[in-house]
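Visitor: Dropping the structure in here first, questions after.
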Amino acid sequence: MAQLILATNNKNKLREIREILADTDLTVVSQSEAGIFLDVDETGTTFAENAKLKAEAIFAEMQARGMAGWVLADDSGLSVDALNGEPGVYSHRWAGENATDADRCAKMLDAMKDVPDGQRGAHFACVMCLIAPDGQAHLFEGRVEGEILREARGSNGFGYDPVFGYQGRSFAEVPAEEKNAVSHRRNALVQAAAWLRDASASH
């Protein structure tokens, strides 16, 4: 069974990606589970640049150690129409380096408090960079459209999920299985998984 190293130690992301890739023949491990302890600076100005930076750093470390396998990195965030696309690539740091999810949601609600209904559109975007054992990088992008709510609701999600409205509910009110079926990460990962299946079938 092939190993895929996920360029993150985020337990929520790891769980979500493992669930989505459960029907493949890949063993998904976090970078720390693989013994790689890198903290890559996300200096890119786009999700694609940051995803590629992280994936390439992990892949280079694997090569230096003589390890074989696949690498998958993602960068994702929330872009709000009324905020000119912010927080975008700065989603995690937007409310400060040590901000909690609650801090981020509170800042978003405050920033949007005077924006009228009908102008509160937003989307989550995720770009995944998959590096094959031969070093070739492949990019996949997924999005999910919604709007910014007027209050935080629900406790299932993480990040900005409680303030992101999707079909009448917040993303934090949607059960994990349902969210995984429609999320931006799911959309990008489905593309990556399809490419992986095709690639393994051709070998």
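Residues in the structure tokens are named by chain (A, B, ... in the order shown) and by number from 1 within that chain; ligands are numbered from 1 in the order shown.
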Find the spatial neighbours of stretch 11-27 of chain A, counting only C-alpha atoms, within a cut-off of 7 Å - ignore same-chain residues fewer than 3 positions away - and output them as a list of chain:residue names.

Guide: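 Selected residues are A:Met1, A:Ala2, A:Gln3, A:Leu4, A:Ser30.
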
Visitor: Store the residues of this selection in a file with N, CA and C atoms, as a PDB file, in the first residue's frame.

Guide:
```pdb
ATOM      1  N   MET A   1       0.844  -1.194   0.000  1.00  0.00           N
ATOM      2  CA  MET A   1       0.000   0.000   0.000  1.00  0.00           C
ATOM      3  C   MET A   1       0.885   1.251   0.000  1.00  0.00           C
ATOM      4  N   ALA A   2       0.629   2.150  -0.929  1.00  0.00           N
ATOM      5  CA  ALA A   2       1.447   3.349  -1.060  1.00  0.00           C
ATOM      6  C   ALA A   2       1.163   4.316   0.089  1.00  0.00           C
ATOM      7  N   GLN A   3       2.183   5.096   0.411  1.00  0.00           N
ATOM      8  CA  GLN A   3       2.038   6.070   1.490  1.00  0.00           C
ATOM      9  C   GLN A   3       1.906   7.479   0.914  1.00  0.00           C
ATOM     10  N   LEU A   4       0.992   8.232   1.466  1.00  0.00           N
ATOM     11  CA  LEU A   4       0.826   9.631   1.097  1.00  0.00           C
ATOM     12  C   LEU A   4       1.050  10.463   2.346  1.00  0.00           C
ATOM     13  N   SER A  30       0.312  12.001   8.591  1.00  0.00           N
ATOM     14  CA  SER A  30       0.718  13.398   8.729  1.00  0.00           C
ATOM     15  C   SER A  30       2.235  13.474   8.625  1.00  0.00           C
TER      16      SER A  30
END
```

Visitor: Hey, what's within 6 Å of A:Gln31 if we count only C-alpha atoms and toss same-chain stuff fewer than 5 positions away? As a PyMOL selection string, please?

Guide: chain A and resi 5-7+36

Visitor: May I ask which of the residues A:Asn180, A:Gln119, A:Asn98, A:Gln136 is the closest one to A:Trp70, counting only C-alpha atoms?

Guide: A:Gln136

Visitor: DSSP says alpha helix (DSSP H) for which residues of stretch 69-164 of chain A? Put them as number ranges by chain?

Guide: A: 101-111

Visitor: Can you write just those residues out, N, CA and C atoms, as an mmCIF file, in the first residue's frame?

Guide:
```cif
data_model
loop_
_atom_site.group_PDB
_atom_site.id
_atom_site.type_symbol
_atom_site.label_atom_id
_atom_site.label_comp_id
_atom_site.auth_asym_id
_atom_site.auth_seq_id
_atom_site.Cartn_x
_atom_site.Cartn_y
_atom_site.Cartn_z
ATOM 1 N N ASP A 101 -10.294 30.158 16.853
ATOM 2 C CA ASP A 101 -11.374 30.142 15.870
ATOM 3 C C ASP A 101 -12.472 31.125 16.265
ATOM 4 N N ALA A 102 -12.753 31.203 17.566
ATOM 5 C CA ALA A 102 -13.780 32.129 18.045
ATOM 6 C C ALA A 102 -13.379 33.581 17.769
ATOM 7 N N ASP A 103 -12.086 33.882 17.922
ATOM 8 C CA ASP A 103 -11.585 35.231 17.628
ATOM 9 C C ASP A 103 -11.776 35.567 16.147
ATOM 10 N N ARG A 104 -11.473 34.600 15.295
ATOM 11 C CA ARG A 104 -11.593 34.824 13.847
ATOM 12 C C ARG A 104 -13.046 35.073 13.455
ATOM 13 N N CYS A 105 -13.936 34.262 14.000
ATOM 14 C CA CYS A 105 -15.361 34.420 13.693
ATOM 15 C C CYS A 105 -15.878 35.764 14.201
ATOM 16 N N ALA A 106 -15.426 36.162 15.397
ATOM 17 C CA ALA A 106 -15.862 37.434 15.979
ATOM 18 C C ALA A 106 -15.393 38.605 15.118
ATOM 19 N N LYS A 107 -14.166 38.540 14.635
ATOM 20 C CA LYS A 107 -13.657 39.615 13.787
ATOM 21 C C LYS A 107 -14.443 39.685 12.484
ATOM 22 N N MET A 108 -14.778 38.520 11.919
ATOM 23 C CA MET A 108 -15.540 38.497 10.674
ATOM 24 C C MET A 108 -16.930 39.104 10.868
ATOM 25 N N LEU A 109 -17.594 38.729 11.944
ATOM 26 C CA LEU A 109 -18.931 39.264 12.211
ATOM 27 C C LEU A 109 -18.879 40.785 12.391
ATOM 28 N N ASP A 110 -17.842 41.259 13.049
ATOM 29 C CA ASP A 110 -17.706 42.698 13.265
ATOM 30 C C ASP A 110 -17.444 43.430 11.946
ATOM 31 N N ALA A 111 -16.580 42.845 11.119
ATOM 32 C CA ALA A 111 -16.246 43.472 9.840
ATOM 33 C C ALA A 111 -17.449 43.538 8.905
#
```

Visitor: Using only C-alpha atoms, which residues sit within 10 Å of A:Gly85 once same-chain residues fewer than 6 positions away are excluded, as a VMD selection string?

Guide: chain A and resid 78 to 79 122 to 123

Visitor: For the selection just defined, write its residues with N, CA and C atoms to a file, as an mmCIF file, in the first residue's frame.

Guide:
```
data_model
loop_
_atom_site.group_PDB
_atom_site.id
_atom_site.type_symbol
_atom_site.label_atom_id
_atom_site.label_comp_id
_atom_site.auth_asym_id
_atom_site.auth_seq_id
_atom_site.Cartn_x
_atom_site.Cartn_y
_atom_site.Cartn_z
ATOM 1 N N LEU A 78 -10.989 31.580 3.404
ATOM 2 C CA LEU A 78 -12.287 32.194 3.139
ATOM 3 C C LEU A 78 -12.082 33.525 2.419
ATOM 4 N N SER A 79 -12.801 33.714 1.339
ATOM 5 C CA SER A 79 -12.768 34.984 0.617
ATOM 6 C C SER A 79 -14.165 35.594 0.638
ATOM 7 N N ALA A 122 -19.742 34.930 -0.075
ATOM 8 C CA ALA A 122 -18.388 34.494 0.280
ATOM 9 C C ALA A 122 -18.160 33.098 -0.285
ATOM 10 N N HIS A 123 -16.921 32.712 -0.364
ATOM 11 C CA HIS A 123 -16.633 31.316 -0.742
ATOM 12 C C HIS A 123 -15.381 30.832 -0.019
#
```

Visitor: Would you mind telling me which residue in A:Ala99, A:Leu72, A:Val163, A:Ala34 lies nearest to A:Leu130 when using only C-alpha atoms?

Guide: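 For A:Leu130, the nearest of the given residues is A:Leu72.
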
Visitor: Show me, as a PyMOL selection string, the residues that have an atom within 7 Å of stretch 55-60 of chain A when counting only C-alpha atoms, minus same-chain residues fewer than 4 positions from it.

Guide: chain A and resi 7+51+64+71-73+129+131

Visitor: May I have the selected residues written with C-alpha atoms, as a PDB file, in the first residue's frame?

Guide:
```
ATOM      1  CA  ALA A   7       1.996  18.318   4.678  1.00  0.00           C
ATOM      2  CA  ALA A  51       0.292  24.768  -1.288  1.00  0.00           C
ATOM      3  CA  ALA A  64      17.104  13.842   1.439  1.00  0.00           C
ATOM      4  CA  VAL A  71       3.049  14.306  -0.858  1.00  0.00           C
ATOM      5  CA  LEU A  72      -0.158  16.285  -0.564  1.00  0.00           C
ATOM      6  CA  ALA A  73      -0.335  19.858   0.702  1.00  0.00           C
ATOM      7  CA  CYS A 129      -0.657  20.376  -4.548  1.00  0.00           C
ATOM      8  CA  ILE A 131       3.652  15.699  -5.788  1.00  0.00           C
TER       9      ILE A 131
END
```
